[in-house]
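Engineer: My questions all concern the structure below.
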Amino acid sequence: MVLKIHLNDHKKVIDRFFKEHDIKRAIVKPATGGSSIGVHSVSTAAEALKKAQELFSRRMDTRVVIEPFCEGIEFTVIVLQNRFGLPVAILPTEMEIDYADHQIFDFRKKYLATRHVTYHCPPRFENQVVERIQIQAEQLFKTMGMQDFARFDGWLLSDGNIWFSDFNPISGMEQNSFLFQQTSRIGMSHADLLKYIVKNACRRHNIPFPKGYREFAVGEEHGIVNSPQAKSIISLSKRADKEVNILFGGKTAERQVSIMSGTNVWLKLRKSEKIQPNPYLLDTKGEVWKLPYYLTLNHTVEEIEETCKTAEKDEKRLHQLKTRILDKLGAMPGEINEPIFLPQKMSLDDFIKQSKFVFIGLHGGIGEDGTLQNKLEKAKVPFNGSGSKASKLCMDKYQTGLTVKALEKEGIYTANKTLVPLDKLFKLKSAELKTFWESATKELDSKTVIVKPVGDGCSAGIARLYSTNDLAAYLKHVQKKSAVIPMGELENQHGIIEMPTEPMHELLLEQFISTDQVRVVDNELKWRTQTEWIEITMGLIEKNGKLYAMNPSITVTSGSVLTLEEKFQGGTGVNITPPPEPFVKKSAVENAKRRMEKVANALGIQGYARIDAFMHVHTGELIIIEANSTPGLTPSTVIYHQALTEKPSMNPTLFLESIIKAAK
């Protein structure tokens, strides 16, 4: 049913709809919005009316759709149009989600890799079910007069029927979106797919397609043998002596961010004429997998690990389906170029032995605490970033603070900190915990405190605590070894808090630093001066053996601390690079850059890094938060913005090449 904003019968219509269809759960969403934003799950007619009124009041749409919640298995399927104008459905992706407590496949689950949703591509459906989905999707594509490509979301119902719920004429195109994930299953790279779509669109509009783009061999497994294999072999052999093995994944709380970083580095370096990048996964058991293109585009470590284990069986099951898809696509030689091979499993030591250069894309754990760096140093294998000693120091936030404390005469400070053994805190009764809180806040000179693990990534387990109750709630989750702290458990908590996967033995309590209030409202910067301190993050890059600080970025938060999304998910966080005048003096920025170089040198950082700090807007004095010796390199990470503001400017591929050059 559809509600219209100008009518006043909303309550009556909703009540009748719920009663006539005996609805126990429904979905409320904008009629013309995307498939994620403004979508709500409700149990009653009253809740449906409230959500509809919210959508109307926010002017998200002038019409709101209300429909029964599906009971079944959710899927999505990509449809391409071939050169003859006929639709061809690719292999669907199944979404495995816990729908309890009104959970749905929302924006966070779609665009930030977490274990709250598991993608299965191929789906765990029988082949005949996959074929039915494909046939119906192709029929819908044709019926709706669509062109080039589309994505259809739907449900396999409990009675075996198929219900399509959303029709997306333009599918999302993030690096491991369904569009690229599904087409990679038939051997298409990102470039292959986009060229295929553009070439067909050019053909339809009688526009000549540009010649001279790179062509690689189409493997025999695609059924197309008249391909320029010689060109492929020559092109690859030119880079064979410059192989870089990119390692990502692991088992830390930031392992999914590591997937985003590692795959982004891999895709960026594929553009390089100097480097041949190869993707490798460190799984949750500590084993390493050499990945084919199509498996690298899964969303989580666990998904890739599981799909690696079932790859041989899946390829046998899918052979007939894939052959049919390729036959219907009718691709020309040079249009499908990625070889399909089975993943190869090895130990971490064997991975190191066969590597000429390792690009560490791990976050937290052995990738940041010096363990992997030490192994590579002993094997004399070059790698990106700092050595084992500096990595170990930077991972320890308390020791980092002690090192920085020696630079106070340079105008470089660290927030007040105290390190507390967890076994001591766990023994405290309620009254004793209150006494401890009062003592700690007095010692830190702070009414509220920041709590964080002493040695983990830059996001795991970090929260602002306002009271003894907050501390008790945080300790409860630490003691239970919770994977996350759900929204609303702590006062003024903004978003869920991903917790460390490794046992913690100590907690770091840190003074909360008040800053100027910086917000972006309707694309306009709103600046309210309060303390003349702002939170920044600053990247450093090594050139000719010397570390140079790049332009800092102001980090704009919606809560007290930056969430995982705001740091790493595109379209969520706001960063301003460089800090704008007149709010921040140019001289202050330059002073801060020189000070940051001193911090990096004191910590023994090499290659590149990102350091988080508070900066005084007039003097450029710094209060150091933490140093990241192998910072995140997701598509939206701010270090790329900073590299672009350098003179000469460095695009992401050039920036990554510079990191590798510095390491060599």
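Naming works like this for the structure tokens: A, B, ... for the chains as they're shown, residue 1 at the start of each chain, ligands 1 onward in shown order.
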What are the DSSP strand (DSSP E or B) residues of stretch 268-417 of chain A, as a list in words?

Structural biologist: Gln276, Pro277, Asn278, Pro279, Tyr280, Leu281, Leu282, Val288, Trp289, Lys290, Gln344, Lys345, Met346, Val358, Phe359, Ile360, Phe383, Ile412, Tyr413, Thr414 and Lys417 of chain A

Engineer: Could those residues be written to a file, using N, CA and C atoms, as a PDB file, in the first residue's frame?

Structural biologist:
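Below is the file out_14.pdb, written as the result:
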```pdb
ATOM      1  N   GLN A 276      53.232  -5.673  -9.822  1.00  0.00           N
ATOM      2  CA  GLN A 276      52.272  -6.751 -10.031  1.00  0.00           C
ATOM      3  C   GLN A 276      51.737  -7.182  -8.662  1.00  0.00           C
ATOM      4  N   PRO A 277      50.541  -6.720  -8.260  1.00  0.00           N
ATOM      5  CA  PRO A 277      50.027  -7.045  -6.927  1.00  0.00           C
ATOM      6  C   PRO A 277      49.284  -8.388  -6.895  1.00  0.00           C
ATOM      7  N   ASN A 278      49.473  -9.123  -5.809  1.00  0.00           N
ATOM      8  CA  ASN A 278      48.789 -10.405  -5.630  1.00  0.00           C
ATOM      9  C   ASN A 278      48.081 -10.412  -4.275  1.00  0.00           C
ATOM     10  N   PRO A 279      46.789 -10.753  -4.225  1.00  0.00           N
ATOM     11  CA  PRO A 279      46.060 -10.732  -2.951  1.00  0.00           C
ATOM     12  C   PRO A 279      46.193 -12.039  -2.168  1.00  0.00           C
ATOM     13  N   TYR A 280      46.427 -11.912  -0.855  1.00  0.00           N
ATOM     14  CA  TYR A 280      46.528 -13.066   0.041  1.00  0.00           C
ATOM     15  C   TYR A 280      45.711 -12.786   1.301  1.00  0.00           C
ATOM     16  N   LEU A 281      45.015 -13.814   1.780  1.00  0.00           N
ATOM     17  CA  LEU A 281      44.227 -13.700   3.006  1.00  0.00           C
ATOM     18  C   LEU A 281      44.919 -14.422   4.150  1.00  0.00           C
ATOM     19  N   LEU A 282      45.051 -13.742   5.300  1.00  0.00           N
ATOM     20  CA  LEU A 282      45.411 -14.398   6.552  1.00  0.00           C
ATOM     21  C   LEU A 282      44.098 -14.762   7.230  1.00  0.00           C
ATOM     22  N   VAL A 288      47.439 -18.884   5.486  1.00  0.00           N
ATOM     23  CA  VAL A 288      47.415 -17.898   4.404  1.00  0.00           C
ATOM     24  C   VAL A 288      46.865 -18.556   3.143  1.00  0.00           C
ATOM     25  N   TRP A 289      46.023 -17.814   2.420  1.00  0.00           N
ATOM     26  CA  TRP A 289      45.434 -18.298   1.165  1.00  0.00           C
ATOM     27  C   TRP A 289      45.795 -17.345   0.030  1.00  0.00           C
ATOM     28  N   LYS A 290      46.332 -17.908  -1.055  1.00  0.00           N
ATOM     29  CA  LYS A 290      46.484 -17.124  -2.281  1.00  0.00           C
ATOM     30  C   LYS A 290      45.123 -17.090  -2.966  1.00  0.00           C
ATOM     31  N   GLN A 344      44.901 -21.219  -2.977  1.00  0.00           N
ATOM     32  CA  GLN A 344      45.992 -22.089  -2.524  1.00  0.00           C
ATOM     33  C   GLN A 344      46.325 -21.771  -1.078  1.00  0.00           C
ATOM     34  N   LYS A 345      46.323 -22.805  -0.235  1.00  0.00           N
ATOM     35  CA  LYS A 345      46.541 -22.642   1.200  1.00  0.00           C
ATOM     36  C   LYS A 345      48.005 -22.914   1.549  1.00  0.00           C
ATOM     37  N   MET A 346      48.534 -22.134   2.502  1.00  0.00           N
ATOM     38  CA  MET A 346      49.932 -22.305   2.927  1.00  0.00           C
ATOM     39  C   MET A 346      50.085 -21.756   4.344  1.00  0.00           C
ATOM     40  N   VAL A 358      56.296  -7.931   0.789  1.00  0.00           N
ATOM     41  CA  VAL A 358      55.005  -8.099   1.456  1.00  0.00           C
ATOM     42  C   VAL A 358      54.437  -6.726   1.807  1.00  0.00           C
ATOM     43  N   PHE A 359      53.242  -6.459   1.305  1.00  0.00           N
ATOM     44  CA  PHE A 359      52.532  -5.243   1.695  1.00  0.00           C
ATOM     45  C   PHE A 359      51.583  -5.635   2.817  1.00  0.00           C
ATOM     46  N   ILE A 360      51.878  -5.158   4.026  1.00  0.00           N
ATOM     47  CA  ILE A 360      51.070  -5.518   5.198  1.00  0.00           C
ATOM     48  C   ILE A 360      49.792  -4.681   5.204  1.00  0.00           C
ATOM     49  N   PHE A 383      59.191  -4.940   3.347  1.00  0.00           N
ATOM     50  CA  PHE A 383      57.766  -4.740   3.624  1.00  0.00           C
ATOM     51  C   PHE A 383      57.501  -3.264   3.849  1.00  0.00           C
ATOM     52  N   ILE A 412      54.810  19.642  22.347  1.00  0.00           N
ATOM     53  CA  ILE A 412      54.170  18.363  22.010  1.00  0.00           C
ATOM     54  C   ILE A 412      53.829  17.659  23.314  1.00  0.00           C
ATOM     55  N   TYR A 413      52.552  17.329  23.496  1.00  0.00           N
ATOM     56  CA  TYR A 413      52.092  16.786  24.769  1.00  0.00           C
ATOM     57  C   TYR A 413      51.324  15.479  24.542  1.00  0.00           C
ATOM     58  N   THR A 414      50.984  14.849  25.648  1.00  0.00           N
ATOM     59  CA  THR A 414      50.115  13.679  25.604  1.00  0.00           C
ATOM     60  C   THR A 414      49.049  13.849  26.671  1.00  0.00           C
ATOM     61  N   LYS A 417      47.147   9.882  31.337  1.00  0.00           N
ATOM     62  CA  LYS A 417      46.787   8.476  31.171  1.00  0.00           C
ATOM     63  C   LYS A 417      47.042   7.705  32.447  1.00  0.00           C
TER      64      LYS A 417
END
```

Engineer: Where in stretch 224-392 of chain A does DSSP assign helix (DSSP H, G or I), given as a VMD selection string?

Structural biologist: chain A and resid 229 to 237 240 to 242 255 to 269 293 to 297 301 to 329 348 to 353 365 to 367 371 to 379 388 to 392

Engineer: Output C-alpha atoms of each residue in that selection to a file, as an mmCIF file, in the first residue's frame.

Structural biologist:
```cif
data_model
loop_
_atom_site.group_PDB
_atom_site.id
_atom_site.type_symbol
_atom_site.label_atom_id
_atom_site.label_comp_id
_atom_site.auth_asym_id
_atom_site.auth_seq_id
_atom_site.Cartn_x
_atom_site.Cartn_y
_atom_site.Cartn_z
ATOM 1 C CA GLN A 229 47.422 -14.399 -25.152
ATOM 2 C CA ALA A 230 50.816 -13.189 -26.311
ATOM 3 C CA LYS A 231 49.954 -9.626 -25.275
ATOM 4 C CA SER A 232 48.875 -10.882 -21.871
ATOM 5 C CA ILE A 233 52.046 -12.886 -21.273
ATOM 6 C CA ILE A 234 54.289 -10.010 -22.351
ATOM 7 C CA SER A 235 52.376 -7.479 -20.244
ATOM 8 C CA LEU A 236 52.503 -9.611 -17.115
ATOM 9 C CA SER A 237 56.128 -10.691 -17.572
ATOM 10 C CA ALA A 240 56.873 -10.307 -12.840
ATOM 11 C CA ASP A 241 60.077 -9.193 -11.109
ATOM 12 C CA LYS A 242 58.122 -6.517 -9.229
ATOM 13 C CA ARG A 255 39.869 -7.696 10.405
ATOM 14 C CA GLN A 256 36.977 -6.591 8.177
ATOM 15 C CA VAL A 257 38.499 -3.114 7.800
ATOM 16 C CA SER A 258 41.689 -4.927 6.861
ATOM 17 C CA ILE A 259 39.773 -6.619 4.021
ATOM 18 C CA MET A 260 38.642 -3.184 2.806
ATOM 19 C CA SER A 261 42.203 -1.827 3.039
ATOM 20 C CA GLY A 262 43.929 -4.799 1.447
ATOM 21 C CA THR A 263 41.551 -5.177 -1.479
ATOM 22 C CA ASN A 264 41.684 -1.441 -2.119
ATOM 23 C CA VAL A 265 45.506 -1.487 -2.194
ATOM 24 C CA TRP A 266 45.364 -4.482 -4.549
ATOM 25 C CA LEU A 267 42.913 -2.782 -6.914
ATOM 26 C CA LYS A 268 44.820 0.515 -6.880
ATOM 27 C CA LEU A 269 48.141 -1.205 -7.614
ATOM 28 C CA TYR A 293 40.132 -12.429 -8.273
ATOM 29 C CA TYR A 294 36.581 -13.545 -7.542
ATOM 30 C CA LEU A 295 37.233 -14.605 -3.925
ATOM 31 C CA THR A 296 39.004 -11.358 -3.076
ATOM 32 C CA LEU A 297 35.689 -9.495 -3.411
ATOM 33 C CA VAL A 301 37.458 -12.711 6.482
ATOM 34 C CA GLU A 302 35.073 -15.491 7.473
ATOM 35 C CA GLU A 303 33.284 -15.396 4.103
ATOM 36 C CA ILE A 304 36.530 -15.623 2.149
ATOM 37 C CA GLU A 305 37.879 -18.346 4.429
ATOM 38 C CA GLU A 306 34.741 -20.471 4.083
ATOM 39 C CA THR A 307 34.516 -19.938 0.316
ATOM 40 C CA CYS A 308 38.170 -20.934 -0.064
ATOM 41 C CA LYS A 309 37.387 -24.233 1.651
ATOM 42 C CA THR A 310 34.398 -24.953 -0.609
ATOM 43 C CA ALA A 311 35.884 -23.489 -3.813
ATOM 44 C CA GLU A 312 36.571 -26.799 -5.577
ATOM 45 C CA LYS A 313 33.081 -28.149 -4.863
ATOM 46 C CA ASP A 314 31.473 -24.819 -5.839
ATOM 47 C CA GLU A 315 33.327 -24.646 -9.150
ATOM 48 C CA LYS A 316 32.137 -28.145 -10.097
ATOM 49 C CA ARG A 317 28.546 -27.297 -9.133
ATOM 50 C CA LEU A 318 28.580 -23.963 -10.955
ATOM 51 C CA HIS A 319 30.310 -25.060 -14.161
ATOM 52 C CA GLN A 320 27.106 -25.596 -16.139
ATOM 53 C CA LEU A 321 25.481 -22.399 -14.825
ATOM 54 C CA LYS A 322 28.559 -20.306 -15.587
ATOM 55 C CA THR A 323 28.909 -21.779 -19.073
ATOM 56 C CA ARG A 324 25.287 -20.874 -19.801
ATOM 57 C CA ILE A 325 25.815 -17.291 -18.559
ATOM 58 C CA LEU A 326 28.938 -16.866 -20.704
ATOM 59 C CA ASP A 327 27.195 -18.291 -23.770
ATOM 60 C CA LYS A 328 24.291 -15.851 -23.343
ATOM 61 C CA LEU A 329 26.637 -12.888 -22.795
ATOM 62 C CA LEU A 348 52.494 -17.933 7.151
ATOM 63 C CA ASP A 349 56.160 -18.991 7.105
ATOM 64 C CA ASP A 350 55.792 -20.498 3.612
ATOM 65 C CA PHE A 351 54.052 -17.329 2.449
ATOM 66 C CA ILE A 352 57.011 -15.262 3.666
ATOM 67 C CA LYS A 353 59.521 -17.602 1.995
ATOM 68 C CA GLY A 365 47.397 -8.001 16.100
ATOM 69 C CA ILE A 366 50.521 -9.383 14.438
ATOM 70 C CA GLY A 367 50.321 -6.859 11.598
ATOM 71 C CA THR A 371 55.365 -9.745 15.208
ATOM 72 C CA LEU A 372 55.021 -9.994 11.433
ATOM 73 C CA GLN A 373 57.605 -7.264 10.914
ATOM 74 C CA ASN A 374 60.075 -9.280 12.977
ATOM 75 C CA LYS A 375 59.456 -12.424 10.905
ATOM 76 C CA LEU A 376 59.982 -10.473 7.675
ATOM 77 C CA GLU A 377 63.155 -8.837 8.983
ATOM 78 C CA LYS A 378 64.622 -12.232 9.868
ATOM 79 C CA ALA A 379 63.712 -13.575 6.416
ATOM 80 C CA SER A 388 59.371 -4.384 14.373
ATOM 81 C CA LYS A 389 60.676 -2.148 17.181
ATOM 82 C CA ALA A 390 58.748 0.980 16.157
ATOM 83 C CA SER A 391 55.630 -1.062 15.329
ATOM 84 C CA LYS A 392 55.637 -2.633 18.796
#
```

Engineer: Considering only C-alpha atoms, return as number ranges by chain whatever protein or nucleic-acid residues lie within 6 Å of stretch 78-93 of chain A, sequence-local ones (same chain, fewer than 2 positions apart) excluded.

Structural biologist: A: 75-76, 120-123, 134, 138, 148-151, 182, 200, 329

Engineer: At a cut-off of 12 Å, using only C-alpha atoms, what residues contact stretch 480-488 of chain A? Leave out same-chain residues fewer than 5 positions from it and give the result as a PyMOL selection string.

Structural biologist: chain A and resi 114-116+251-254+426+459-463+470+473-475+493-505+563-564

Engineer: Mind dumping the selected residues with N, CA and C atoms as a CSV table (one decimal), in the first residue's frame?

Structural biologist:
```csv
chain,number,residue,atom,x,y,z
A,114,THR,N,30.7,-6.4,8.2
A,114,THR,CA,30.6,-6.9,9.6
A,114,THR,C,30.1,-8.3,9.5
A,115,ARG,N,30.1,-9.0,10.7
A,115,ARG,CA,29.6,-10.4,10.8
A,115,ARG,C,28.0,-10.4,11.0
A,116,HIS,N,27.4,-9.2,11.0
A,116,HIS,CA,26.0,-9.1,11.1
A,116,HIS,C,25.2,-9.6,9.9
A,251,LYS,N,42.5,-12.1,12.5
A,251,LYS,CA,41.4,-12.4,13.5
A,251,LYS,C,41.1,-11.3,14.5
A,252,THR,N,41.6,-10.1,14.2
A,252,THR,CA,41.4,-9.0,15.2
A,252,THR,C,40.0,-8.4,15.0
A,253,ALA,N,39.7,-7.4,15.9
A,253,ALA,CA,38.4,-6.7,15.8
A,253,ALA,C,38.3,-5.9,14.5
A,254,GLU,N,39.5,-5.5,13.9
A,254,GLU,CA,39.5,-4.7,12.7
A,254,GLU,C,39.8,-5.5,11.5
A,426,PHE,N,37.9,-6.1,38.1
A,426,PHE,CA,36.9,-7.1,38.1
A,426,PHE,C,36.5,-7.5,39.6
A,459,SER,N,40.5,1.6,16.5
A,459,SER,CA,39.0,1.7,16.7
A,459,SER,C,38.5,0.8,17.8
A,460,ALA,N,39.1,-0.4,17.9
A,460,ALA,CA,38.6,-1.4,18.8
A,460,ALA,C,38.5,-1.0,20.2
A,461,GLY,N,37.3,-1.2,20.8
A,461,GLY,CA,37.1,-1.0,22.2
A,461,GLY,C,37.2,0.4,22.7
A,462,ILE,N,37.2,1.4,21.9
A,462,ILE,CA,37.3,2.8,22.3
A,462,ILE,C,36.0,3.4,22.6
A,463,ALA,N,35.8,4.0,23.8
A,463,ALA,CA,34.6,4.6,24.2
A,463,ALA,C,34.8,5.7,25.2
A,470,ASP,N,28.8,3.7,33.5
A,470,ASP,CA,29.4,3.4,32.2
A,470,ASP,C,30.5,2.4,32.3
A,473,ALA,N,29.3,-1.0,33.0
A,473,ALA,CA,28.8,-1.6,31.8
A,473,ALA,C,29.9,-2.1,30.8
A,474,TYR,N,30.9,-1.2,30.7
A,474,TYR,CA,32.0,-1.6,29.8
A,474,TYR,C,32.8,-2.8,30.3
A,475,LEU,N,33.0,-2.8,31.7
A,475,LEU,CA,33.7,-4.0,32.3
A,475,LEU,C,32.9,-5.3,32.1
A,493,GLN,N,26.2,7.1,23.7
A,493,GLN,CA,26.9,6.2,22.8
A,493,GLN,C,26.4,6.4,21.4
A,494,HIS,N,27.3,6.6,20.5
A,494,HIS,CA,27.0,6.8,19.1
A,494,HIS,C,27.4,5.6,18.3
A,495,GLY,N,26.5,4.7,18.0
A,495,GLY,CA,26.8,3.5,17.2
A,495,GLY,C,27.4,2.4,18.1
A,496,ILE,N,27.5,1.2,17.5
A,496,ILE,CA,28.0,0.0,18.3
A,496,ILE,C,29.5,0.2,18.4
A,497,ILE,N,30.1,-0.5,19.4
A,497,ILE,CA,31.5,-0.5,19.6
A,497,ILE,C,32.1,-1.9,19.4
A,498,GLU,N,32.9,-2.0,18.4
A,498,GLU,CA,33.5,-3.3,18.1
A,498,GLU,C,34.6,-3.5,19.2
A,499,MET,N,34.6,-4.7,19.8
A,499,MET,CA,35.5,-5.0,20.9
A,499,MET,C,36.6,-5.9,20.4
A,500,PRO,N,37.8,-5.8,21.1
A,500,PRO,CA,38.9,-6.6,20.7
A,500,PRO,C,38.6,-8.1,20.7
A,501,THR,N,39.2,-8.9,19.9
A,501,THR,CA,39.0,-10.3,19.8
A,501,THR,C,40.0,-11.1,20.7
A,502,GLU,N,41.1,-10.5,21.0
A,502,GLU,CA,42.1,-11.1,21.9
A,502,GLU,C,41.8,-10.6,23.4
A,503,PRO,N,42.0,-11.5,24.4
A,503,PRO,CA,41.8,-11.2,25.8
A,503,PRO,C,42.6,-9.9,26.2
A,504,MET,N,41.9,-9.1,26.9
A,504,MET,CA,42.6,-7.9,27.5
A,504,MET,C,43.0,-8.1,28.9
A,505,HIS,N,44.1,-7.6,29.3
A,505,HIS,CA,44.6,-7.7,30.7
A,505,HIS,C,44.7,-6.4,31.4
A,563,THR,N,33.6,6.8,15.2
A,563,THR,CA,33.2,5.4,15.1
A,563,THR,C,34.0,4.7,13.9
A,564,LEU,N,33.8,3.4,13.9
A,564,LEU,CA,34.4,2.6,12.8
A,564,LEU,C,34.0,3.1,11.5
```

Engineer: When you draw a straight line from atom CA of A:Pro453 to atom CA of A:Gln517, how long is it in Å?

Structural biologist: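 It comes out at 26.7 Å.
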
Engineer: Could you state the separation of atom CA of A:Gly620 and atom CA of A:Lys405 in Å, given to one decimal place?

Structural biologist: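 If I compute the distance from atom CA of A:Gly620 to atom CA of A:Lys405, I get 16.8 Å.
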
Engineer: Leaving out A:Asn384 and any residue of its chain fewer than 3 positions from it, which residues lie within 9 Å of it when counting only C-alpha atoms, given as a list in words?

Structural biologist: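 Returned residues: Phe357, Val358, Phe359, Ile360, Gly387, Gln606, Gly607, Tyr608, Thr630, Ile659, Ile660, Lys661, Ala662, Ala663 and Lys664 of chain A.
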
Engineer: Dump N, CA and C atoms for the selected residues as a PDB file, in the first residue's frame?

Structural biologist:
```
ATOM      1  N   PHE A 357      58.197  -9.223  -1.839  1.00  0.00           N
ATOM      2  CA  PHE A 357      57.849  -8.015  -1.084  1.00  0.00           C
ATOM      3  C   PHE A 357      56.472  -8.263  -0.482  1.00  0.00           C
ATOM      4  N   VAL A 358      56.296  -7.931   0.789  1.00  0.00           N
ATOM      5  CA  VAL A 358      55.005  -8.099   1.456  1.00  0.00           C
ATOM      6  C   VAL A 358      54.437  -6.726   1.807  1.00  0.00           C
ATOM      7  N   PHE A 359      53.242  -6.459   1.305  1.00  0.00           N
ATOM      8  CA  PHE A 359      52.532  -5.243   1.695  1.00  0.00           C
ATOM      9  C   PHE A 359      51.583  -5.635   2.817  1.00  0.00           C
ATOM     10  N   ILE A 360      51.878  -5.158   4.026  1.00  0.00           N
ATOM     11  CA  ILE A 360      51.070  -5.518   5.198  1.00  0.00           C
ATOM     12  C   ILE A 360      49.792  -4.681   5.204  1.00  0.00           C
ATOM     13  N   GLY A 387      59.651  -0.758  11.106  1.00  0.00           N
ATOM     14  CA  GLY A 387      60.229  -2.019  11.539  1.00  0.00           C
ATOM     15  C   GLY A 387      59.553  -2.549  12.787  1.00  0.00           C
ATOM     16  N   GLN A 606      59.068   4.588  10.170  1.00  0.00           N
ATOM     17  CA  GLN A 606      59.680   4.569   8.837  1.00  0.00           C
ATOM     18  C   GLN A 606      58.597   4.407   7.775  1.00  0.00           C
ATOM     19  N   GLY A 607      58.910   4.867   6.569  1.00  0.00           N
ATOM     20  CA  GLY A 607      58.035   4.620   5.418  1.00  0.00           C
ATOM     21  C   GLY A 607      56.842   5.539   5.341  1.00  0.00           C
ATOM     22  N   TYR A 608      55.887   5.310   6.208  1.00  0.00           N
ATOM     23  CA  TYR A 608      54.684   6.136   6.251  1.00  0.00           C
ATOM     24  C   TYR A 608      53.963   5.841   7.556  1.00  0.00           C
ATOM     25  N   THR A 630      50.884   1.215  10.572  1.00  0.00           N
ATOM     26  CA  THR A 630      50.332   0.693   9.311  1.00  0.00           C
ATOM     27  C   THR A 630      48.873   1.134   9.236  1.00  0.00           C
ATOM     28  N   ILE A 659      55.123   4.397  -1.076  1.00  0.00           N
ATOM     29  CA  ILE A 659      55.301   3.610   0.149  1.00  0.00           C
ATOM     30  C   ILE A 659      56.206   2.411  -0.128  1.00  0.00           C
ATOM     31  N   ILE A 660      55.955   1.740  -1.244  1.00  0.00           N
ATOM     32  CA  ILE A 660      56.751   0.558  -1.611  1.00  0.00           C
ATOM     33  C   ILE A 660      58.186   0.962  -1.952  1.00  0.00           C
ATOM     34  N   LYS A 661      58.328   2.072  -2.663  1.00  0.00           N
ATOM     35  CA  LYS A 661      59.663   2.563  -3.019  1.00  0.00           C
ATOM     36  C   LYS A 661      60.469   2.887  -1.769  1.00  0.00           C
ATOM     37  N   ALA A 662      59.833   3.543  -0.799  1.00  0.00           N
ATOM     38  CA  ALA A 662      60.527   3.899   0.445  1.00  0.00           C
ATOM     39  C   ALA A 662      60.982   2.651   1.191  1.00  0.00           C
ATOM     40  N   ALA A 663      60.144   1.606   1.160  1.00  0.00           N
ATOM     41  CA  ALA A 663      60.494   0.368   1.859  1.00  0.00           C
ATOM     42  C   ALA A 663      61.662  -0.338   1.197  1.00  0.00           C
ATOM     43  N   LYS A 664      61.712  -0.286  -0.124  1.00  0.00           N
ATOM     44  CA  LYS A 664      62.793  -0.959  -0.853  1.00  0.00           C
ATOM     45  C   LYS A 664      64.114  -0.204  -0.712  1.00  0.00           C
TER      46      LYS A 664
END
```

Engineer: Please report the interatomic distance between atom CA of A:Asn8 and atom CA of A:Cys70 in Å with one decimal.

Structural biologist: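 Distance reported for this atom pair: 28.0 Å.
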
Engineer: Mind checking which residues fall within 12 Å of A:Thr645, counting only C-alpha atoms, ignoring those fewer than 2 positions away in the same chain, and posting them as a list in words?

Structural biologist: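 In the requested format, the answer is Gly539, Ala549, Met550, Asn551, Pro552, Ser553, Ile576, Thr577, Pro578, Pro579, Val638, Ile639, Tyr640, His641, Gln642, Ala643, Lys647, Pro648, Ser649, Met650, Asn651, Pro652 and Phe655 of chain A.
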
Engineer: Contacts of stretch 193-198 of chain A at 12 Å or less, counting only C-alpha atoms, minus same-chain residues fewer than 4 places along, as a VMD selection string?

Structural biologist: chain A and resid 78 to 83 85 147 to 150 170 173 179 to 189 202 to 211 213 to 215 329 to 338

Engineer: Restricting the calculation to only C-alpha atoms, which member of A:Ser629, A:Asp159, A:Thr143, A:Pro292 is positioned closest to A:Gly370?

Structural biologist: A:Ser629
